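Here's the structure we're looking at; comments come further down.
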2 protein chains.
Amino acid sequence: MIADLRAALGEDRVRTDADALQSRRHDYWVVSHLRDRVGGAAPSPASVVRPSTVADVQTVVRLAAARSTPVIPFGLGSGVVGGVITGPDSIVLDLSALDRTRFIDPVNLLAGFDAGANGLAAEEEVAAQGLTIGHWPQSVAVSTVGGWIATRASGQFSTRYGNIEDIVYAVEAVLPDGSLVTLGKGPRASAGPDLRHLMLGSEGTLGVITGVTLSLRRAAEARGLTAFSAADMRSGFEFQRELVQRGWSPPVMRQYDERESRRLHDDARDCTVIMVHEGPAALVQAETVAATELASAMGLQTVPTTVVEHWLGHRNNVPSWGMLLDRGIVADTVEISAPWDRIAGIYDAATTAVAEMEGCMAASAHSSHVYRSGLNLYFTFAIRLEDTAALEGAYFEAWRRILQATVDGGGSLAHHHGIGRVRRPWMTAELGPEGVALLRKIKEALDPAGIMNPGVLIPDA
Amino acid sequence: MIADLRAALGEDRVRTDADALQSRRHDYWVVSHLRDRVGGAAPSPASVVRPSTVADVQTVVRLAAARSTPVIPFGLGSGVVGGVITGPDSIVLDLSALDRTRFIDPVNLLAGFDAGANGLAAEEEVAAQGLTIGHWPQSVAVSTVGGWIATRASGQFSTRYGNIEDIVYAVEAVLPDGSLVTLGKGPRASAGPDLRHLMLGSEGTLGVITGVTLSLRRAAEARGLTAFSAADMRSGFEFQRELVQRGWSPPVMRQYDERESRRLHDDARDCTVIMVHEGPAALVQAETVAATELASAMGLQTVPTTVVEHWLGHRNNVPSWGMLLDRGIVADTVEISAPWDRIAGIYDAATTAVAEMEGCMAASAHSSHVYRSGLNLYFTFAIRLEDTAALEGAYFEAWRRILQATVDGGGSLAHHHGIGRVRRPWMTAELGPEGVALLRKIKEALDPAGIMNPGVLIPDA
């Protein structure tokens, strides 16, 4: 297989050295990092293939299909739910050399990229022309535009600008049979099911995303900041609900519980709601006034906007798992979504359930993406145990408690990190057995040999 | 088969009388009406089944699957692209008795309906609570909420409120194997491909939509109207592009060419742009001012807003095919979409090509749905021929000229009416051969016996 790949793509595109294999064994899922330390480390793949053309991707997929060899697409490895774990017989398809900007079209506000393009580099390229993708995942500097599609990513400015499915214009992908499709042709179509959605959230299981066209925005004319404190999570949620249901849409709407508020400003006593307003100056002005008046009417206190500036300055800082694991701490985040009248109950149940665990150092949450019908919650937990061999069990138990509280409370199990391996056993709770069977039928139709990223997303029959 | 259906559902649910069969032979596609007059009329189906429960829908589908009997879902028959034409061996699954409002939830702005619920009745029910679906297809009074999903419908207020895919929260459907799925659980999920999109635009080919949950809005606090005239289509498009790309989003943005402008006001000389602004009063005020200032800066003239009021008052009037056919006229509309820099070229090429046809009485267009990256065009043509036997050929030739101009100009072939039969031969131009093959794979996976609305949407292999 390796000889065939080298013959087809060139020697330098197919690596089998320890460095290459070792560094592509898994993504940023903390469990993979933990296993590297305490045992159970993911094995190296057979090879890391790094194609530089779409045709080469087709070649790799066809060769793999012919031999039923597992193919694991790899962008920049920032996934946090176990979407990448290699096996000794697998090929890692490293897409990071497929990183060209294909075009930037300021008239139609479109930009095309190879799937392996770095997110921040892509944003900076369009920003140089006064444009923005408007998609700011925390991982923007360490993720690819193709990865955004594969995981159904959300950005921090989603409440006005939408999630990746609202920003994508077209998706180019190599299907498991090696054929190349371009899905999405115009600004909007009623031409059968929107097949872009097969790739959005597919997590490498239905094909390899090779190119992405995004529908951009012009950089906003103005920006306004507002910040408020609410006596508790419920009253903060009610304020957010009222603002959005009145028809306002600040790109950023975030609400931190008491514990997380103290990260924003030391003397926080209550929950904190922060917002960034963007758009034409007159709209920003009107929205800022409306938000401030509503907050006052609903009993929230105005907070200095320095907390929003603090967030803007630190919003992409992420902890290093290594630093925490060195101290015997396993930590993670779990994002879910729910209708407005369910969210506070889920917040209470999940944080309480995790806080009761042995060694729990932190169980907190904030919301960060708001919709007319509800919003998300982004839980954080940290558990420290003397016995590091017990950390993995504690980790899955914390996840279980949060997801069980979500299911019991009527929420959806995954807001924007995806399913990967950590949520895979929960897919039946999300889709129902018939929904999982439907997803499996599609998988079998597209990938009958099951070569595309096996073990991820779709529960076994 | 009929005996089995009657045994399972009850005598009164399975009709074989001439009235029932005759009236469900086809939808509102003008070609079916033409054929009823000049020959080639669609044959009657074997039976019309009108289930009153979701379980009955499952029973019908299972019985049909067991005997490979074609099942043709039928809402209120307002489709205009030939999505319904029965065969003598087929069952029409009339969903109009499945018309309950399941719930209205003003806290989460959600409402659930049986798929057969009349669109206007649904809107009026939520309006009584100060809410709106925000989805106003011209057919709102003669279409079902399930039909909106099946066709990927758009409403007249889409530029701010989105198309049906932006309004739908959950879809309940009976798959061709009789299983029942509920797709969509929270405000947003990253839990694999968004399976709601299998049903959105499926046109009856992938299952039977039985229930729909929609994400509502509160009725807008304020409404503003603006109207302008532009010297030509290009300058009107440029104005619309500039307004939207600056970050404004009037729910209604429409631009009529000179011919269609005269329908709005008798003395129109130029193209007319009309807009409806909705939202919080301060936002409507800011947007109305911004639109008026921009129009002036770009050389458009302000027009009395009576033209917008005229449009609001007449917007759902549709011509009766019969009245036109009586006079030897075949007419239709064709909606497409394209990026901003392609749209004027497609407008010119399509209207010119149709105007050159023998007997052409009208070839005109307006735009009605605007996106950051482009917009739609809604062409109207009318052809009168002495020889009524030649009308069908002329009809398809007019369609061919418009769609060919769209393909050549870089547009997408269907904005919101769907594919049905009239666009089916063009699907390869829209999706590419690999895209059509992908759609066919999904069809075969879900409906291996091919019982669901055969002959529609998906070209034969």
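Please note that chains go A, B, ... in the order of the structure tokens, that every chain numbers its residues from 1, and that ligands are numbered from 1 in the order shown.
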
### Task
Using DSSP on the backbone, list every residue of stretch 93-285 of chain B that comes out as strand (DSSP E), and give them as a VMD selection string.
chain B and resid 93 to 94 101 to 105 110 to 114 131 to 132 168 to 174 180 to 183 208 to 215 217 to 218 222 to 230 252 to 256 271 to 279

### Message
Just want the 12 Å neighbourhood of stretch 136-140 of chain B, counted on only C-alpha atoms, with same-chain residues fewer than 4 positions away dropped. Output as number ranges by chain.
### Response
B: 28, 76-80, 117-124, 132, 144-148, 151-159, 161-164, 167, 251-252, 311-312, 314-319, 368-369, 416-417

### Message
So the first atom is atom CA of B:Thr205 and the second is atom CA of B:Arg62; what is the distance between them in Å, to one decimal place?
### Response
15.2 Å

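Among B:Asp270, B:Glu293, B:Glu125, B:Glu309, the residue with the shortest atom-to-atom distance to B:Arg223, counting only C-alpha atoms, is B:Glu309.
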
At a cut-off of 6 Å, list the chain B residues touching chain A, using only C-alpha atoms, as a PDB file with N, CA and C atoms, in the first residue's frame.
```pdb
ATOM      1  N   ASN B 108     -40.545  29.667  24.108  1.00  0.00           N
ATOM      2  CA  ASN B 108     -39.446  29.249  23.233  1.00  0.00           C
ATOM      3  C   ASN B 108     -39.703  29.594  21.769  1.00  0.00           C
ATOM      4  N   LEU B 109     -40.801  30.267  21.503  1.00  0.00           N
ATOM      5  CA  LEU B 109     -41.181  30.621  20.127  1.00  0.00           C
ATOM      6  C   LEU B 109     -41.175  29.401  19.215  1.00  0.00           C
ATOM      7  N   ARG B 152     -38.656  22.885  -0.050  1.00  0.00           N
ATOM      8  CA  ARG B 152     -37.690  23.936   0.339  1.00  0.00           C
ATOM      9  C   ARG B 152     -38.232  25.311  -0.079  1.00  0.00           C
ATOM     10  N   VAL B 181     -39.203   8.940  12.085  1.00  0.00           N
ATOM     11  CA  VAL B 181     -38.064   9.671  12.652  1.00  0.00           C
ATOM     12  C   VAL B 181     -38.503  11.087  13.026  1.00  0.00           C
ATOM     13  N   LYS B 185     -33.567  18.485  17.366  1.00  0.00           N
ATOM     14  CA  LYS B 185     -33.903  18.338  18.770  1.00  0.00           C
ATOM     15  C   LYS B 185     -33.714  19.616  19.569  1.00  0.00           C
ATOM     16  N   GLY B 186     -32.698  20.377  19.278  1.00  0.00           N
ATOM     17  CA  GLY B 186     -32.422  21.588  20.041  1.00  0.00           C
ATOM     18  C   GLY B 186     -32.333  22.786  19.111  1.00  0.00           C
ATOM     19  N   PRO B 187     -32.006  23.962  19.683  1.00  0.00           N
ATOM     20  CA  PRO B 187     -31.894  25.159  18.848  1.00  0.00           C
ATOM     21  C   PRO B 187     -30.799  25.015  17.783  1.00  0.00           C
ATOM     22  N   ALA B 189     -27.433  21.966  16.657  1.00  0.00           N
ATOM     23  CA  ALA B 189     -26.670  20.786  17.058  1.00  0.00           C
ATOM     24  C   ALA B 189     -25.502  20.556  16.122  1.00  0.00           C
ATOM     25  N   SER B 190     -24.446  20.029  16.677  1.00  0.00           N
ATOM     26  CA  SER B 190     -23.329  19.500  15.905  1.00  0.00           C
ATOM     27  C   SER B 190     -23.248  18.027  16.237  1.00  0.00           C
ATOM     28  N   ALA B 191     -24.201  17.286  15.704  1.00  0.00           N
ATOM     29  CA  ALA B 191     -24.346  15.873  16.036  1.00  0.00           C
ATOM     30  C   ALA B 191     -24.473  15.083  14.743  1.00  0.00           C
ATOM     31  N   GLY B 192     -23.444  15.203  13.914  1.00  0.00           N
ATOM     32  CA  GLY B 192     -23.485  14.556  12.611  1.00  0.00           C
ATOM     33  C   GLY B 192     -24.213  15.432  11.617  1.00  0.00           C
ATOM     34  N   PRO B 193     -24.331  14.956  10.375  1.00  0.00           N
ATOM     35  CA  PRO B 193     -25.051  15.713   9.350  1.00  0.00           C
ATOM     36  C   PRO B 193     -26.460  16.057   9.827  1.00  0.00           C
ATOM     37  N   HIS B 197     -32.219  18.060   6.604  1.00  0.00           N
ATOM     38  CA  HIS B 197     -32.006  18.437   5.212  1.00  0.00           C
ATOM     39  C   HIS B 197     -32.270  17.309   4.226  1.00  0.00           C
ATOM     40  N   LEU B 198     -32.416  16.085   4.715  1.00  0.00           N
ATOM     41  CA  LEU B 198     -32.850  15.016   3.811  1.00  0.00           C
ATOM     42  C   LEU B 198     -34.299  15.236   3.400  1.00  0.00           C
ATOM     43  N   LEU B 200     -35.940  18.347   3.666  1.00  0.00           N
ATOM     44  CA  LEU B 200     -36.091  19.671   3.059  1.00  0.00           C
ATOM     45  C   LEU B 200     -35.730  19.586   1.577  1.00  0.00           C
ATOM     46  N   GLY B 201     -36.723  19.689   0.719  1.00  0.00           N
ATOM     47  CA  GLY B 201     -36.471  19.599  -0.717  1.00  0.00           C
ATOM     48  C   GLY B 201     -36.608  18.191  -1.271  1.00  0.00           C
ATOM     49  N   SER B 202     -37.077  17.262  -0.476  1.00  0.00           N
ATOM     50  CA  SER B 202     -37.138  15.866  -0.939  1.00  0.00           C
ATOM     51  C   SER B 202     -38.306  15.606  -1.881  1.00  0.00           C
ATOM     52  N   GLY B 247     -24.924  45.600   5.741  1.00  0.00           N
ATOM     53  CA  GLY B 247     -25.390  44.958   6.976  1.00  0.00           C
ATOM     54  C   GLY B 247     -26.850  45.220   7.311  1.00  0.00           C
ATOM     55  N   GLY B 279     -39.171  45.253  12.528  1.00  0.00           N
ATOM     56  CA  GLY B 279     -38.362  44.972  13.715  1.00  0.00           C
ATOM     57  C   GLY B 279     -38.687  45.956  14.817  1.00  0.00           C
ATOM     58  N   ALA B 282     -36.768  51.346  16.664  1.00  0.00           N
ATOM     59  CA  ALA B 282     -35.511  52.072  16.455  1.00  0.00           C
ATOM     60  C   ALA B 282     -34.728  51.485  15.293  1.00  0.00           C
ATOM     61  N   ALA B 286     -33.812  53.399  11.798  1.00  0.00           N
ATOM     62  CA  ALA B 286     -32.433  53.511  11.324  1.00  0.00           C
ATOM     63  C   ALA B 286     -32.298  52.931   9.915  1.00  0.00           C
ATOM     64  N   SER B 337     -31.413  31.587  -9.101  1.00  0.00           N
ATOM     65  CA  SER B 337     -30.602  32.499  -8.286  1.00  0.00           C
ATOM     66  C   SER B 337     -29.203  32.598  -8.873  1.00  0.00           C
ATOM     67  N   ALA B 338     -28.506  33.661  -8.555  1.00  0.00           N
ATOM     68  CA  ALA B 338     -27.140  33.836  -9.068  1.00  0.00           C
ATOM     69  C   ALA B 338     -26.398  34.857  -8.217  1.00  0.00           C
ATOM     70  N   PRO B 339     -25.064  34.800  -8.266  1.00  0.00           N
ATOM     71  CA  PRO B 339     -24.280  35.847  -7.603  1.00  0.00           C
ATOM     72  C   PRO B 339     -24.571  37.218  -8.227  1.00  0.00           C
ATOM     73  N   TRP B 340     -24.252  38.265  -7.469  1.00  0.00           N
ATOM     74  CA  TRP B 340     -24.568  39.626  -7.898  1.00  0.00           C
ATOM     75  C   TRP B 340     -24.025  39.949  -9.290  1.00  0.00           C
ATOM     76  N   SER B 373     -24.455  37.240  -1.021  1.00  0.00           N
ATOM     77  CA  SER B 373     -23.672  36.888  -2.202  1.00  0.00           C
ATOM     78  C   SER B 373     -24.451  36.927  -3.511  1.00  0.00           C
ATOM     79  N   GLY B 374     -25.707  37.299  -3.458  1.00  0.00           N
ATOM     80  CA  GLY B 374     -26.473  37.345  -4.695  1.00  0.00           C
ATOM     81  C   GLY B 374     -27.957  37.418  -4.404  1.00  0.00           C
ATOM     82  N   GLY B 411     -25.629  30.698 -12.934  1.00  0.00           N
ATOM     83  CA  GLY B 411     -26.606  30.727 -11.849  1.00  0.00           C
ATOM     84  C   GLY B 411     -27.018  29.337 -11.412  1.00  0.00           C
ATOM     85  N   SER B 412     -27.870  29.301 -10.413  1.00  0.00           N
ATOM     86  CA  SER B 412     -28.455  28.060  -9.917  1.00  0.00           C
ATOM     87  C   SER B 412     -29.895  27.986 -10.425  1.00  0.00           C
ATOM     88  N   ALA B 414     -32.866  26.713  -9.635  1.00  0.00           N
ATOM     89  CA  ALA B 414     -34.150  26.639  -8.923  1.00  0.00           C
ATOM     90  C   ALA B 414     -34.020  27.391  -7.611  1.00  0.00           C
ATOM     91  N   HIS B 415     -34.736  28.476  -7.475  1.00  0.00           N
ATOM     92  CA  HIS B 415     -34.631  29.189  -6.202  1.00  0.00           C
ATOM     93  C   HIS B 415     -35.573  28.652  -5.138  1.00  0.00           C
ATOM     94  N   HIS B 416     -36.850  28.467  -5.458  1.00  0.00           N
ATOM     95  CA  HIS B 416     -37.756  28.028  -4.384  1.00  0.00           C
ATOM     96  C   HIS B 416     -38.980  27.239  -4.818  1.00  0.00           C
ATOM     97  N   GLY B 418     -38.711  24.349  -6.561  1.00  0.00           N
ATOM     98  CA  GLY B 418     -38.321  22.951  -6.602  1.00  0.00           C
ATOM     99  C   GLY B 418     -38.066  22.450  -8.018  1.00  0.00           C
ATOM    100  N   ILE B 419     -37.887  21.149  -8.112  1.00  0.00           N
ATOM    101  CA  ILE B 419     -37.481  20.505  -9.367  1.00  0.00           C
ATOM    102  C   ILE B 419     -38.672  19.846 -10.055  1.00  0.00           C
ATOM    103  N   GLU B 434     -21.658  13.686 -10.775  1.00  0.00           N
ATOM    104  CA  GLU B 434     -21.296  13.045  -9.501  1.00  0.00           C
ATOM    105  C   GLU B 434     -22.290  13.435  -8.402  1.00  0.00           C
ATOM    106  N   GLY B 435     -22.780  14.660  -8.467  1.00  0.00           N
ATOM    107  CA  GLY B 435     -23.774  15.098  -7.484  1.00  0.00           C
ATOM    108  C   GLY B 435     -25.089  14.359  -7.664  1.00  0.00           C
ATOM    109  N   ALA B 445     -30.678   4.050  -1.057  1.00  0.00           N
ATOM    110  CA  ALA B 445     -30.479   3.571   0.317  1.00  0.00           C
ATOM    111  C   ALA B 445     -31.769   3.666   1.124  1.00  0.00           C
TER     112      ALA B 445
END
```

### Task
Check the smallest atom-to-atom distance from each of B:Ala230, B:Ala365, B:Val208, B:Cys271 to B:Ala295 using only C-alpha atoms, then report the winner.
B:Ala230

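If you look at atom CA of A:Phe237 and atom CA of A:Tyr378, they are 13.9 Å away from each other.
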